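Chemist: Following this message is one structure expressed as structure tokens.
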Amino acid sequence: MLLIDGREVAKQTKAELARECARFKDKYRRAPQLAVVQVGEDPASQIYLKNKEKSAAEVGMQSLRFHLDKENSQEELDSLITRLNTDAEINGILVQLPMPKQFSVEAVLNAMNPFKDSDGFHPENLGLLLSGRPRVKPCTPFGVMKMLEHYKISVSGKTAVVVGRSNIVGKPMAQLLMAADATVINCHSKTKDLKEFTRQGDIVVVAAGRPEFFDSSYFKSDAFVFDVGMHHVNGKATGDVNFKSCEDKVAGLSPVPGGVGQMTVAMLLKNTLDLALYQENHRLL
Ligand code: GUN
């Protein structure tokens, strides 16, 4: 079985980004800058944000953290976003999700300049993706595509099954696979006979939010499986796929940890650098 090693692909992607950031610095006399917005105290988010900031530093990118707590209002969050939108030093903005439930994801994305949307979650960017002319691609699906490319797993004409239909993973994942000429089946929580569909997948991307739910009976033996789940069970990080059950029963599998998560961070930095270059070239601000 091919162990789809997100750490290794992310390492190579970040090495390439470090070279590109150095060229950016030479040319524009400053590093690309990412604004990282944390709302509330979600402990998992704290860890993800630390990873994002550490990786930004590794590639020579500047990151700045802004923190609002649950007592702050939506208006305060929107006005922070508006300030970052018009700050010429800031190239990319990331608002870590989930936020406390009194805050609206829709409102914060609407407030964001779509040319600074490092996550690719703004409706304009999702629309461009749907139209087949993406500006920034949501980081996790983009990371899965990068892993497919790295391991030369062919996509064209293959059956790809995506489990999950969120705006940040499932839907854009299905779109990117379709754009790469896969025949895509998009399953979700209301799908009946899920296994009947997942067993058809040459490529299966699992983002169902169900800890270790998928055992080997969900996949055919020549499937490449990408686990997008992220859970903490008994203090241990684990995914949606039962790794032990599937190990050596499928053609390839990305583990949790050490799989897709590493790629999400690398692609966030790639999006930020691409947006910085776009802003410099188009003198938007
Ligand atoms: N929460 C879970 N995944 C993500 C992501 O890719 N970006 C942001 N901003 N929040 C997340």
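The way I read the labels, and the way they are meant: chains A, B, ... in the order of the structure tokens, residue 1 as the first residue of every chain, and ligand 1 as the first ligand shown, with later ones counted on from there.
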Neighbours of ligand 1 at 8 Å or closer, counting only C-alpha atoms and all ligand atoms: which residues, as a PyMOL selection string?
Modeler: chain A and resi 45+94-98+119+138-140+168+264-265+268
Chemist: Using only C-alpha atoms, determine which residues lie at most 12 Å from Lys244 (chain A), disregarding the query and same-chain residues fewer than 5 positions distant; provide the list as an mmCIF file with all heavy atoms, in the first residue's frame.
Modeler:
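Final output, saved to result21.cif:
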data_model
loop_
_atom_site.group_PDB
_atom_site.id
_atom_site.type_symbol
_atom_site.label_atom_id
_atom_site.label_comp_id
_atom_site.auth_asym_id
_atom_site.auth_seq_id
_atom_site.Cartn_x
_atom_site.Cartn_y
_atom_site.Cartn_z
ATOM 1 N N GLU A 212 -13.048 7.507 12.828
ATOM 2 C CA GLU A 212 -12.692 6.111 12.500
ATOM 3 C C GLU A 212 -13.877 5.282 12.016
ATOM 4 O O GLU A 212 -13.942 4.076 12.237
ATOM 5 C CB GLU A 212 -12.008 5.456 13.701
ATOM 6 C CG GLU A 212 -10.716 6.172 14.048
ATOM 7 C CD GLU A 212 -9.879 5.495 15.108
ATOM 8 O OE1 GLU A 212 -10.364 4.532 15.739
ATOM 9 O OE2 GLU A 212 -8.749 5.942 15.301
ATOM 10 N N PHE A 213 -14.811 5.923 11.329
ATOM 11 C CA PHE A 213 -16.037 5.265 10.893
ATOM 12 C C PHE A 213 -15.801 4.317 9.711
ATOM 13 O O PHE A 213 -16.442 3.263 9.588
ATOM 14 C CB PHE A 213 -17.037 6.357 10.495
ATOM 15 C CG PHE A 213 -18.324 5.852 9.928
ATOM 16 C CD1 PHE A 213 -19.343 5.411 10.764
ATOM 17 C CD2 PHE A 213 -18.529 5.806 8.546
ATOM 18 C CE1 PHE A 213 -20.545 4.945 10.239
ATOM 19 C CE2 PHE A 213 -19.716 5.340 8.017
ATOM 20 C CZ PHE A 213 -20.724 4.922 8.871
ATOM 21 N N PHE A 214 -14.873 4.687 8.836
ATOM 22 C CA PHE A 214 -14.724 3.954 7.570
ATOM 23 C C PHE A 214 -13.700 2.819 7.709
ATOM 24 O O PHE A 214 -12.501 3.065 7.816
ATOM 25 C CB PHE A 214 -14.304 4.913 6.449
ATOM 26 C CG PHE A 214 -15.382 5.912 6.124
ATOM 27 C CD1 PHE A 214 -15.497 7.092 6.842
ATOM 28 C CD2 PHE A 214 -16.307 5.654 5.117
ATOM 29 C CE1 PHE A 214 -16.510 8.009 6.555
ATOM 30 C CE2 PHE A 214 -17.323 6.558 4.826
ATOM 31 C CZ PHE A 214 -17.425 7.736 5.548
ATOM 32 N N ASP A 215 -14.208 1.585 7.704
ATOM 33 C CA ASP A 215 -13.279 0.452 7.711
ATOM 34 C C ASP A 215 -13.067 -0.016 6.271
ATOM 35 O O ASP A 215 -13.594 0.572 5.323
ATOM 36 C CB ASP A 215 -13.781 -0.674 8.633
ATOM 37 C CG ASP A 215 -15.119 -1.238 8.164
ATOM 38 O OD1 ASP A 215 -15.469 -1.087 6.971
ATOM 39 O OD2 ASP A 215 -15.820 -1.843 9.001
ATOM 40 N N SER A 216 -12.291 -1.072 6.101
ATOM 41 C CA SER A 216 -11.881 -1.487 4.746
ATOM 42 C C SER A 216 -13.068 -1.906 3.881
ATOM 43 O O SER A 216 -12.972 -1.883 2.654
ATOM 44 C CB SER A 216 -10.855 -2.611 4.825
ATOM 45 O OG SER A 216 -11.441 -3.720 5.459
ATOM 46 N N THR A 238 -6.934 11.454 15.366
ATOM 47 C CA THR A 238 -7.350 10.386 14.455
ATOM 48 C C THR A 238 -8.279 10.967 13.385
ATOM 49 O O THR A 238 -8.753 12.092 13.508
ATOM 50 C CB THR A 238 -8.019 9.231 15.247
ATOM 51 O OG1 THR A 238 -8.252 8.153 14.357
ATOM 52 C CG2 THR A 238 -9.336 9.657 15.866
ATOM 53 N N GLY A 239 -8.516 10.181 12.325
ATOM 54 C CA GLY A 239 -9.322 10.676 11.209
ATOM 55 C C GLY A 239 -10.675 10.006 11.107
ATOM 56 O O GLY A 239 -11.178 9.422 12.086
ATOM 57 N N LYS A 249 -5.180 -2.882 2.674
ATOM 58 C CA LYS A 249 -6.403 -3.386 2.016
ATOM 59 C C LYS A 249 -6.827 -2.452 0.876
ATOM 60 O O LYS A 249 -7.796 -2.719 0.175
ATOM 61 C CB LYS A 249 -7.554 -3.490 3.026
ATOM 62 C CG LYS A 249 -7.252 -4.395 4.206
ATOM 63 C CD LYS A 249 -7.901 -5.745 3.977
ATOM 64 C CE LYS A 249 -7.589 -6.751 5.073
ATOM 65 N NZ LYS A 249 -7.852 -6.260 6.414
ATOM 66 N N VAL A 250 -6.141 -1.304 0.770
ATOM 67 C CA VAL A 250 -6.423 -0.345 -0.310
ATOM 68 C C VAL A 250 -5.086 -0.033 -1.012
ATOM 69 O O VAL A 250 -4.020 -0.391 -0.506
ATOM 70 C CB VAL A 250 -7.076 0.958 0.222
ATOM 71 C CG1 VAL A 250 -8.475 0.702 0.753
ATOM 72 C CG2 VAL A 250 -6.198 1.628 1.288
ATOM 73 N N LEU A 253 -3.338 5.281 1.034
ATOM 74 C CA LEU A 253 -4.111 5.875 2.131
ATOM 75 C C LEU A 253 -3.308 7.009 2.763
ATOM 76 O O LEU A 253 -2.117 6.864 3.018
ATOM 77 C CB LEU A 253 -4.409 4.777 3.168
ATOM 78 C CG LEU A 253 -5.152 5.145 4.447
ATOM 79 C CD1 LEU A 253 -6.500 5.799 4.162
ATOM 80 C CD2 LEU A 253 -5.360 3.891 5.306
ATOM 81 N N PRO A 255 -2.715 9.097 6.040
ATOM 82 C CA PRO A 255 -3.007 8.904 7.467
ATOM 83 C C PRO A 255 -3.383 10.196 8.172
ATOM 84 O O PRO A 255 -3.172 11.276 7.646
ATOM 85 C CB PRO A 255 -1.671 8.381 8.007
ATOM 86 C CG PRO A 255 -0.647 9.068 7.147
ATOM 87 C CD PRO A 255 -1.267 9.198 5.775
ATOM 88 N N VAL A 256 -3.942 10.077 9.354
ATOM 89 C CA VAL A 256 -4.166 11.207 10.256
ATOM 90 C C VAL A 256 -3.540 10.832 11.596
ATOM 91 O O VAL A 256 -3.920 9.809 12.168
ATOM 92 C CB VAL A 256 -5.676 11.496 10.465
ATOM 93 C CG1 VAL A 256 -5.873 12.649 11.446
ATOM 94 C CG2 VAL A 256 -6.346 11.810 9.137
#
Chemist: Restricting the calculation to only C-alpha atoms: of A:Ala18, A:Leu68, A:Leu130, A:Val206, which residue gets closest to Ile185 (chain A)?
Modeler: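 Between A:Ala18, A:Leu68, A:Leu130, A:Val206, the residue approaching Ile185 (chain A) most closely is A:Val206.
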Chemist: For a test of reading the model, state the distance in Å between CA of Gly209 (chain A) and CA of Met230 (chain A), rounded to one decimal.
Modeler: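 Interatomic distance, CA of Gly209 (chain A) to CA of Met230 (chain A): 7.5 Å.
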Chemist: Would you please extract all strand (DSSP E) residues from region 73-267 of chain A, as assigned by DSSP on the backbone, and give them as a PDB file with N, CA, C and O atoms, in the first residue's frame?
Modeler:
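Listed below is the output, states14.pdb:
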ATOM      1  N   GLY A  92      -2.960  38.649   2.725  1.00  0.00           N
ATOM      2  CA  GLY A  92      -3.944  37.577   2.889  1.00  0.00           C
ATOM      3  C   GLY A  92      -4.567  37.638   4.268  1.00  0.00           C
ATOM      4  O   GLY A  92      -3.926  38.074   5.232  1.00  0.00           O
ATOM      5  N   ILE A  93      -5.835  37.234   4.334  1.00  0.00           N
ATOM      6  CA  ILE A  93      -6.551  37.204   5.621  1.00  0.00           C
ATOM      7  C   ILE A  93      -7.120  35.803   5.808  1.00  0.00           C
ATOM      8  O   ILE A  93      -7.665  35.215   4.868  1.00  0.00           O
ATOM      9  N   LEU A  94      -6.977  35.320   7.032  1.00  0.00           N
ATOM     10  CA  LEU A  94      -7.530  34.009   7.364  1.00  0.00           C
ATOM     11  C   LEU A  94      -8.317  34.150   8.661  1.00  0.00           C
ATOM     12  O   LEU A  94      -7.771  34.662   9.650  1.00  0.00           O
ATOM     13  N   VAL A  95      -9.578  33.785   8.654  1.00  0.00           N
ATOM     14  CA  VAL A  95     -10.365  33.763   9.893  1.00  0.00           C
ATOM     15  C   VAL A  95     -10.572  32.287  10.242  1.00  0.00           C
ATOM     16  O   VAL A  95     -11.234  31.549   9.514  1.00  0.00           O
ATOM     17  N   THR A 159     -13.360   7.261 -11.322  1.00  0.00           N
ATOM     18  CA  THR A 159     -14.506   7.557 -10.470  1.00  0.00           C
ATOM     19  C   THR A 159     -13.985   8.075  -9.132  1.00  0.00           C
ATOM     20  O   THR A 159     -13.207   7.384  -8.466  1.00  0.00           O
ATOM     21  N   ALA A 160     -14.383   9.287  -8.788  1.00  0.00           N
ATOM     22  CA  ALA A 160     -13.959   9.881  -7.514  1.00  0.00           C
ATOM     23  C   ALA A 160     -15.189  10.052  -6.635  1.00  0.00           C
ATOM     24  O   ALA A 160     -16.208  10.581  -7.081  1.00  0.00           O
ATOM     25  N   VAL A 161     -15.092   9.582  -5.405  1.00  0.00           N
ATOM     26  CA  VAL A 161     -16.203   9.726  -4.470  1.00  0.00           C
ATOM     27  C   VAL A 161     -15.775  10.667  -3.355  1.00  0.00           C
ATOM     28  O   VAL A 161     -14.718  10.488  -2.754  1.00  0.00           O
ATOM     29  N   VAL A 162     -16.597  11.685  -3.108  1.00  0.00           N
ATOM     30  CA  VAL A 162     -16.341  12.629  -2.022  1.00  0.00           C
ATOM     31  C   VAL A 162     -17.435  12.408  -0.988  1.00  0.00           C
ATOM     32  O   VAL A 162     -18.624  12.421  -1.329  1.00  0.00           O
ATOM     33  N   VAL A 163     -17.038  12.188   0.268  1.00  0.00           N
ATOM     34  CA  VAL A 163     -18.033  12.065   1.331  1.00  0.00           C
ATOM     35  C   VAL A 163     -17.988  13.344   2.153  1.00  0.00           C
ATOM     36  O   VAL A 163     -16.990  13.614   2.816  1.00  0.00           O
ATOM     37  N   THR A 183     -15.126  11.406 -12.881  1.00  0.00           N
ATOM     38  CA  THR A 183     -16.574  11.288 -12.713  1.00  0.00           C
ATOM     39  C   THR A 183     -16.811  11.307 -11.213  1.00  0.00           C
ATOM     40  O   THR A 183     -16.295  10.446 -10.492  1.00  0.00           O
ATOM     41  N   VAL A 184     -17.547  12.309 -10.748  1.00  0.00           N
ATOM     42  CA  VAL A 184     -17.606  12.550  -9.301  1.00  0.00           C
ATOM     43  C   VAL A 184     -18.956  12.147  -8.708  1.00  0.00           C
ATOM     44  O   VAL A 184     -20.005  12.506  -9.237  1.00  0.00           O
ATOM     45  N   ILE A 185     -18.881  11.422  -7.613  1.00  0.00           N
ATOM     46  CA  ILE A 185     -20.079  11.113  -6.822  1.00  0.00           C
ATOM     47  C   ILE A 185     -19.910  11.840  -5.490  1.00  0.00           C
ATOM     48  O   ILE A 185     -18.903  11.649  -4.815  1.00  0.00           O
ATOM     49  N   ASN A 186     -20.863  12.702  -5.153  1.00  0.00           N
ATOM     50  CA  ASN A 186     -20.766  13.449  -3.898  1.00  0.00           C
ATOM     51  C   ASN A 186     -21.785  12.917  -2.888  1.00  0.00           C
ATOM     52  O   ASN A 186     -22.984  13.126  -3.032  1.00  0.00           O
ATOM     53  N   CYS A 187     -21.291  12.203  -1.897  1.00  0.00           N
ATOM     54  CA  CYS A 187     -22.165  11.643  -0.858  1.00  0.00           C
ATOM     55  C   CYS A 187     -22.184  12.581   0.352  1.00  0.00           C
ATOM     56  O   CYS A 187     -21.321  13.445   0.487  1.00  0.00           O
ATOM     57  N   ILE A 203     -10.813   6.887  -6.438  1.00  0.00           N
ATOM     58  CA  ILE A 203     -10.292   7.882  -5.489  1.00  0.00           C
ATOM     59  C   ILE A 203     -11.446   8.184  -4.532  1.00  0.00           C
ATOM     60  O   ILE A 203     -12.568   8.432  -4.987  1.00  0.00           O
ATOM     61  N   VAL A 204     -11.184   8.123  -3.236  1.00  0.00           N
ATOM     62  CA  VAL A 204     -12.239   8.445  -2.262  1.00  0.00           C
ATOM     63  C   VAL A 204     -11.696   9.489  -1.287  1.00  0.00           C
ATOM     64  O   VAL A 204     -10.647   9.282  -0.674  1.00  0.00           O
ATOM     65  N   VAL A 205     -12.409  10.600  -1.182  1.00  0.00           N
ATOM     66  CA  VAL A 205     -12.015  11.641  -0.223  1.00  0.00           C
ATOM     67  C   VAL A 205     -13.072  11.664   0.872  1.00  0.00           C
ATOM     68  O   VAL A 205     -14.259  11.896   0.599  1.00  0.00           O
ATOM     69  N   VAL A 206     -12.648  11.385   2.081  1.00  0.00           N
ATOM     70  CA  VAL A 206     -13.591  11.239   3.182  1.00  0.00           C
ATOM     71  C   VAL A 206     -13.516  12.440   4.109  1.00  0.00           C
ATOM     72  O   VAL A 206     -12.487  12.696   4.740  1.00  0.00           O
ATOM     73  N   PHE A 224      -7.563   4.739  -3.892  1.00  0.00           N
ATOM     74  CA  PHE A 224      -6.690   5.665  -3.171  1.00  0.00           C
ATOM     75  C   PHE A 224      -7.587   6.498  -2.256  1.00  0.00           C
ATOM     76  O   PHE A 224      -8.516   7.162  -2.738  1.00  0.00           O
ATOM     77  N   VAL A 225      -7.312   6.447  -0.966  1.00  0.00           N
ATOM     78  CA  VAL A 225      -8.215   7.044   0.023  1.00  0.00           C
ATOM     79  C   VAL A 225      -7.525   8.219   0.727  1.00  0.00           C
ATOM     80  O   VAL A 225      -6.394   8.083   1.215  1.00  0.00           O
ATOM     81  N   PHE A 226      -8.227   9.347   0.752  1.00  0.00           N
ATOM     82  CA  PHE A 226      -7.716  10.553   1.416  1.00  0.00           C
ATOM     83  C   PHE A 226      -8.610  10.856   2.610  1.00  0.00           C
ATOM     84  O   PHE A 226      -9.806  11.086   2.443  1.00  0.00           O
ATOM     85  N   ASP A 227      -8.011  10.845   3.785  1.00  0.00           N
ATOM     86  CA  ASP A 227      -8.776  11.046   5.027  1.00  0.00           C
ATOM     87  C   ASP A 227      -8.674  12.507   5.459  1.00  0.00           C
ATOM     88  O   ASP A 227      -7.598  12.979   5.831  1.00  0.00           O
ATOM     89  N   HIS A 231      -9.983  14.378  14.406  1.00  0.00           N
ATOM     90  CA  HIS A 231     -10.656  14.193  15.693  1.00  0.00           C
ATOM     91  C   HIS A 231      -9.618  13.911  16.766  1.00  0.00           C
ATOM     92  O   HIS A 231      -8.507  13.499  16.460  1.00  0.00           O
ATOM     93  N   HIS A 232     -10.056  14.130  18.003  1.00  0.00           N
ATOM     94  CA  HIS A 232      -9.183  13.778  19.121  1.00  0.00           C
ATOM     95  C   HIS A 232      -9.934  12.764  19.964  1.00  0.00           C
ATOM     96  O   HIS A 232     -10.961  13.083  20.557  1.00  0.00           O
ATOM     97  N   VAL A 233      -9.459  11.523  19.930  1.00  0.00           N
ATOM     98  CA  VAL A 233     -10.106  10.457  20.688  1.00  0.00           C
ATOM     99  C   VAL A 233      -9.099   9.959  21.719  1.00  0.00           C
ATOM    100  O   VAL A 233      -7.983   9.551  21.363  1.00  0.00           O
ATOM    101  N   LYS A 236      -5.727  11.326  21.446  1.00  0.00           N
ATOM    102  CA  LYS A 236      -4.943  10.961  20.259  1.00  0.00           C
ATOM    103  C   LYS A 236      -5.638  11.494  19.006  1.00  0.00           C
ATOM    104  O   LYS A 236      -6.859  11.374  18.874  1.00  0.00           O
ATOM    105  N   ALA A 237      -4.830  12.071  18.107  1.00  0.00           N
ATOM    106  CA  ALA A 237      -5.408  12.572  16.851  1.00  0.00           C
ATOM    107  C   ALA A 237      -5.750  11.406  15.942  1.00  0.00           C
ATOM    108  O   ALA A 237      -4.973  10.452  15.798  1.00  0.00           O
ATOM    109  N   THR A 238      -6.934  11.454  15.366  1.00  0.00           N
ATOM    110  CA  THR A 238      -7.350  10.386  14.455  1.00  0.00           C
ATOM    111  C   THR A 238      -8.279  10.967  13.385  1.00  0.00           C
ATOM    112  O   THR A 238      -8.753  12.092  13.508  1.00  0.00           O
ATOM    113  N   GLY A 252      -3.808   2.985  -1.684  1.00  0.00           N
ATOM    114  CA  GLY A 252      -3.106   4.103  -1.061  1.00  0.00           C
ATOM    115  C   GLY A 252      -3.981   4.751  -0.016  1.00  0.00           C
ATOM    116  O   GLY A 252      -5.211   4.744  -0.145  1.00  0.00           O
ATOM    117  N   LEU A 253      -3.338   5.281   1.034  1.00  0.00           N
ATOM    118  CA  LEU A 253      -4.111   5.875   2.131  1.00  0.00           C
ATOM    119  C   LEU A 253      -3.308   7.009   2.763  1.00  0.00           C
ATOM    120  O   LEU A 253      -2.117   6.864   3.018  1.00  0.00           O
ATOM    121  N   SER A 254      -3.991   8.145   2.981  1.00  0.00           N
ATOM    122  CA  SER A 254      -3.322   9.251   3.685  1.00  0.00           C
ATOM    123  C   SER A 254      -3.704   9.171   5.160  1.00  0.00           C
ATOM    124  O   SER A 254      -4.887   9.137   5.500  1.00  0.00           O
TER     125      SER A 254
END
Chemist: What is the CA of Gly229 (chain A) to CA of Asn167 (chain A) distance in Å?
Modeler: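 A separation of 15.1 Å between them.
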Chemist: Distance CA of Lys152 (chain A)-CA of Ile4 (chain A), one decimal place?
Modeler: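 Taking CA of Lys152 (chain A) as the start and CA of Ile4 (chain A) as the end point, the length is 11.4 Å.
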Chemist: Quick one: of A:Ala15, A:Leu64, A:Leu77, A:Leu2, who's nearest to Ala266 (chain A), counting only C-alpha atoms?
Modeler: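 The closest residue to Ala266 (chain A) is A:Ala15.
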Chemist: Let's see if you can do this: from backbone DSSP, list all helix (DSSP H, G or I) residues in region 107-279 of chain A, as a VMD selection string.
Modeler: chain A and resid 107 to 111 114 to 116 123 to 130 139 to 150 170 to 179 194 to 198 216 to 218 243 to 246 260 to 279
Chemist: Of the candidates A:Lys27, A:Lys137, A:Arg165, A:Lys158, which shows the shortest atom-to-atom distance to Ala223 (chain A), using only C-alpha atoms?
Modeler: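 Looking at the shortest contact to Ala223 (chain A), the residue is A:Lys158.
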Chemist: Neighbours of Asn271 (chain A) within 7 Å (only C-alpha atoms; same-chain residues fewer than 3 positions away dropped), as a PyMOL selection string?
Modeler: chain A and resi 118+136+267-268+274-275
Chemist: Would you pick out the contacts of Pro134 (chain A) at 10 Å or less, using only C-alpha atoms, so that residues sharing its chain but fewer than 3 positions from it are not included, and give the list as a list of chain:residue names?
Modeler: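 Once the nearby chain positions are removed, what remains is A:Gly120, A:Glu124, A:Asn125, A:Leu126, A:Gly127, A:Leu128, A:Leu129, A:Leu130, A:Ser131, A:Lys137, A:Pro138, A:Leu176.
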Chemist: Could you check which of A:Phe219, A:Lys116, A:Phe103, A:Cys246 is closest to Thr82 (chain A), using only C-alpha atoms?
Modeler: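 For Thr82 (chain A), the nearest of the candidates is A:Lys116.
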Chemist: Using only C-alpha atoms, which residue out of A:Arg83, A:Arg133, A:His122, A:Lys146 lies closest to Val260 (chain A)?
Modeler: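 Answer, going by the shortest atom-to-atom distance: A:Lys146.
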Chemist: Between A:Glu89, A:Lys190, A:Ala208, A:Val108, which has the minimum distance to Glu76 (chain A) (counting only C-alpha atoms)?
Modeler: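 The closest residue to Glu76 (chain A) is A:Val108.
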Chemist: Within 8 Å of Asp181 (chain A), counting only C-alpha atoms, which residues show up once you throw out same-chain ones fewer than 5 positions away? Write them as a list in words, please.
Modeler: Val155, Ser156, Gly157 and Lys158 of chain A
Chemist: For those residues, write N, CA and C atoms to a file as a PDB file, in the first residue's frame.
Modeler:
ATOM      1  N   VAL A 155      -6.331  10.949 -12.500  1.00  0.00           N
ATOM      2  CA  VAL A 155      -7.672  11.361 -12.097  1.00  0.00           C
ATOM      3  C   VAL A 155      -8.634  11.306 -13.285  1.00  0.00           C
ATOM      4  N   SER A 156      -8.135  11.659 -14.461  1.00  0.00           N
ATOM      5  CA  SER A 156      -8.987  11.757 -15.649  1.00  0.00           C
ATOM      6  C   SER A 156      -9.691  10.420 -15.944  1.00  0.00           C
ATOM      7  N   GLY A 157     -11.001  10.495 -16.052  1.00  0.00           N
ATOM      8  CA  GLY A 157     -11.795   9.305 -16.375  1.00  0.00           C
ATOM      9  C   GLY A 157     -12.029   8.368 -15.201  1.00  0.00           C
ATOM     10  N   LYS A 158     -11.424   8.696 -14.032  1.00  0.00           N
ATOM     11  CA  LYS A 158     -11.591   7.842 -12.858  1.00  0.00           C
ATOM     12  C   LYS A 158     -12.884   8.213 -12.115  1.00  0.00           C
TER      13      LYS A 158
END
Chemist: Can you pull out every residue within 9 Å of Asp69 (chain A), counting only C-alpha atoms, but drop anything in the same chain fewer than 2 positions away, and send it as a compact mmCIF listing (two decimals) with all heavy atoms, in the first residue's frame?
Modeler:
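The resulting selection26.txt:
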# COMPACT_ATOMS: atom_id res chain seq x y z
N GLN A 38 -8.23 35.06 15.01
CA GLN A 38 -8.80 34.05 15.89
C GLN A 38 -9.96 34.67 16.65
O GLN A 38 -9.83 35.75 17.22
CB GLN A 38 -7.72 33.58 16.88
CG GLN A 38 -8.20 32.50 17.83
CD GLN A 38 -7.18 32.20 18.92
OE1 GLN A 38 -6.11 32.81 18.98
NE2 GLN A 38 -7.52 31.27 19.78
N VAL A 39 -11.09 33.99 16.63
CA VAL A 39 -12.26 34.49 17.37
C VAL A 39 -12.62 33.40 18.39
O VAL A 39 -12.97 32.29 18.00
CB VAL A 39 -13.46 34.75 16.43
CG1 VAL A 39 -14.60 35.43 17.20
CG2 VAL A 39 -13.05 35.61 15.24
N GLY A 40 -12.50 33.73 19.67
CA GLY A 40 -12.79 32.74 20.70
C GLY A 40 -11.55 31.93 21.05
O GLY A 40 -10.43 32.31 20.69
N GLU A 41 -11.78 30.82 21.75
CA GLU A 41 -10.66 30.09 22.36
C GLU A 41 -10.68 28.61 22.00
O GLU A 41 -10.17 27.79 22.76
CB GLU A 41 -10.74 30.19 23.91
CG GLU A 41 -10.85 31.59 24.47
CD GLU A 41 -9.59 32.40 24.28
OE1 GLU A 41 -8.52 31.79 24.04
OE2 GLU A 41 -9.67 33.64 24.34
N HIS A 67 -6.75 38.78 17.69
CA HIS A 67 -7.58 37.91 18.53
C HIS A 67 -8.81 38.65 19.07
O HIS A 67 -8.66 39.69 19.72
CB HIS A 67 -6.73 37.37 19.69
CG HIS A 67 -7.40 36.29 20.45
ND1 HIS A 67 -6.83 35.66 21.52
CD2 HIS A 67 -8.60 35.69 20.27
CE1 HIS A 67 -7.66 34.74 22.00
NE2 HIS A 67 -8.75 34.74 21.25
N GLU A 71 -16.79 37.88 23.79
CA GLU A 71 -17.53 39.08 24.20
C GLU A 71 -17.54 40.16 23.09
O GLU A 71 -18.34 41.07 23.12
CB GLU A 71 -16.94 39.70 25.48
CG GLU A 71 -17.53 39.11 26.76
CD GLU A 71 -17.09 37.68 27.00
OE1 GLU A 71 -15.88 37.42 26.88
OE2 GLU A 71 -17.96 36.81 27.25
N ASN A 72 -16.64 40.03 22.13
CA ASN A 72 -16.65 41.00 21.03
C ASN A 72 -17.87 40.76 20.14
O ASN A 72 -18.48 39.70 20.16
CB ASN A 72 -15.37 40.87 20.18
CG ASN A 72 -14.15 41.45 20.90
OD1 ASN A 72 -13.30 40.70 21.38
ND2 ASN A 72 -14.08 42.75 21.00
N SER A 73 -18.22 41.79 19.34
CA SER A 73 -19.43 41.69 18.52
C SER A 73 -19.07 41.40 17.06
O SER A 73 -17.91 41.57 16.64
CB SER A 73 -20.21 43.01 18.60
OG SER A 73 -19.41 44.03 18.03
N PRO A 100 -17.17 31.14 17.72
CA PRO A 100 -18.31 31.01 18.65
C PRO A 100 -19.61 31.28 17.89
O PRO A 100 -19.62 32.09 16.96
CB PRO A 100 -18.03 32.09 19.69
CG PRO A 100 -16.56 32.33 19.63
CD PRO A 100 -16.15 32.07 18.21
